[in-house]
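Read through the structure below, which is laid out as structure tokens, and then see the notes.
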Amino acid sequence: MNTLKIAIVLLLMVPIIAIGQTSAVDNLFDKYTSQDGFTSVDVSKGLFELFAEIEADDPEFEDFQKAIEGVESLRLIAYSLEDEEDGNTEASKEAFYKDVMSTIPFKEFKELMIIKDSDANVNFYAKSSGSIISEMIMVVDGKDEAVLLSLIGNLDLNYVAKLGRTMDIGGMQHLGKMDKDND
């Protein structure tokens with residue numbers, strides 16, 4: 001009987017424990033958002049819902065609406081050496097990138113793609129169930145920037161690249177590279 005009581009108590013505590021946990025990505029955002037030299041963007045589901053309600057005759061905007069349909073949150077944090085006059089350094093950029101790579105449990109993600117060019121290495125990772133991506137992470141290690149982007153929701157990869165091209169937010173342009181061979 002005691003075993004049954006303990007099991008029931010543990011089962012009742014699981015939702016409480018799950019609510020209290022924060023993800024590695026959340027911890028990184030909490031750590032770096034208020035630090036000098038970092039740019040952070042946190043877009044909630046509410047803004048995406050507002051965009052979904054706008055009526056337009058523009059096919060590009062309709063693609064954007066399809067891209068954001070299942071997005072619950074978009075978070076981006078970037079460190080750029082273009083702000084060197086503000087004291088941004090190569091060492092700080094590298095420390096941020098190393099912290100990202102050591103903090104996020106990448107074993108829980110599938111690596112979708114790696115893009116290497118003269119300016120940056122861009123890695124895309126996803127958690128998925130079947131064809132639905134529930135979380136996507138993009139990590140950029142560039143010559144003069146390091147970027148972490150997190151997209152959470154029910155995501156359709158066909159539209160994620162279009163989302164990156166449409167939103168004019170620093171670091172988002174790398175999402176557009178996912179679809180550059182299809183243009």
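So you can find residues: chains in the structure tokens are A, B, ... in the order shown, residues in each start at 1, and ligands are numbered from 1 in order.
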Selection: 12 Å around A:Lys107, only C-alpha atoms, excl. self and same-chain fewer than 3 positions, as number ranges by chain | A: 101-104, 110-111, 125-127
Would you please extract all strand (DSSP E) residues from stretch 14-174 of chain A, as assigned by DSSP on the backbone, and give them as a PyMOL selection string?
-> chain A and resi 38-44+71-80+110-116+120-129+132-142+145-155
Of the listed residues A:Lys45, A:Lys98, A:Arg75, A:Lys116, that which approaches A:Leu149 most closely, counting only C-alpha atoms =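 Among the listed residues, A:Arg75 lies closest to A:Leu149.
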Shell of 12 Å around A:Asp117, only C-alpha atoms, local chain residues under 2 positions omitted, as a list in words = Ile114, Ile115, Asp119, Ala120, Asn121, Val122, Asn123, Val140, Asp141, Gly142, Lys143, His174 and Lys177 of chain A
Determine which residues of stretch 31-159 of chain A receive a DSSP assignment of alpha helix (DSSP H), computed from the backbone, and state them as a ChimeraX atom specification.
-> /A:31-32,45-53,59-68,90-103,157-159
Those same residues, written as a PDB file, in the first residue's frame with C-alpha atoms?
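Generated output (part.pdb):
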```pdb
ATOM      1  CA  LYS A  31      22.124  34.565 -18.960  1.00  0.00           C
ATOM      2  CA  TYR A  32      22.905  36.732 -21.999  1.00  0.00           C
ATOM      3  CA  LYS A  45       2.736  33.568 -30.001  1.00  0.00           C
ATOM      4  CA  GLY A  46       0.447  36.606 -29.681  1.00  0.00           C
ATOM      5  CA  LEU A  47       2.303  38.571 -32.341  1.00  0.00           C
ATOM      6  CA  PHE A  48       2.289  35.615 -34.714  1.00  0.00           C
ATOM      7  CA  GLU A  49      -1.473  35.242 -34.174  1.00  0.00           C
ATOM      8  CA  LEU A  50      -1.973  38.918 -35.079  1.00  0.00           C
ATOM      9  CA  PHE A  51      -0.018  38.468 -38.322  1.00  0.00           C
ATOM     10  CA  ALA A  52      -2.103  35.404 -39.169  1.00  0.00           C
ATOM     11  CA  GLU A  53      -5.290  37.496 -39.022  1.00  0.00           C
ATOM     12  CA  PRO A  59       1.511  35.843 -52.212  1.00  0.00           C
ATOM     13  CA  GLU A  60       4.784  36.459 -50.360  1.00  0.00           C
ATOM     14  CA  PHE A  61       2.867  37.622 -47.282  1.00  0.00           C
ATOM     15  CA  GLU A  62       0.609  34.569 -47.551  1.00  0.00           C
ATOM     16  CA  ASP A  63       3.733  32.368 -47.460  1.00  0.00           C
ATOM     17  CA  PHE A  64       4.864  34.288 -44.398  1.00  0.00           C
ATOM     18  CA  GLN A  65       1.479  33.630 -42.742  1.00  0.00           C
ATOM     19  CA  LYS A  66       1.798  29.913 -43.495  1.00  0.00           C
ATOM     20  CA  ALA A  67       5.299  29.927 -42.025  1.00  0.00           C
ATOM     21  CA  ILE A  68       4.164  31.451 -38.737  1.00  0.00           C
ATOM     22  CA  GLU A  90      36.407  38.291 -30.425  1.00  0.00           C
ATOM     23  CA  ALA A  91      37.031  36.571 -27.073  1.00  0.00           C
ATOM     24  CA  SER A  92      33.504  37.376 -25.866  1.00  0.00           C
ATOM     25  CA  LYS A  93      32.010  36.119 -29.144  1.00  0.00           C
ATOM     26  CA  GLU A  94      33.946  32.862 -28.857  1.00  0.00           C
ATOM     27  CA  ALA A  95      32.970  32.459 -25.191  1.00  0.00           C
ATOM     28  CA  PHE A  96      29.290  32.881 -26.090  1.00  0.00           C
ATOM     29  CA  TYR A  97      29.545  30.361 -28.945  1.00  0.00           C
ATOM     30  CA  LYS A  98      31.326  27.812 -26.734  1.00  0.00           C
ATOM     31  CA  ASP A  99      28.711  28.305 -24.011  1.00  0.00           C
ATOM     32  CA  VAL A 100      25.926  27.644 -26.539  1.00  0.00           C
ATOM     33  CA  MET A 101      27.629  24.497 -27.832  1.00  0.00           C
ATOM     34  CA  SER A 102      28.316  23.117 -24.356  1.00  0.00           C
ATOM     35  CA  THR A 103      24.956  24.017 -22.764  1.00  0.00           C
ATOM     36  CA  LEU A 157      10.236  23.330 -42.879  1.00  0.00           C
ATOM     37  CA  ASN A 158       8.955  24.395 -46.294  1.00  0.00           C
ATOM     38  CA  TYR A 159       8.078  27.779 -44.840  1.00  0.00           C
TER      39      TYR A 159
END
```
Selected residue, from A:Val41, A:Leu148, A:Met113, A:Leu155, that lies nearest to A:Gly70 when counting only C-alpha atoms |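 Under the stated criterion, the closest residue is A:Leu155.
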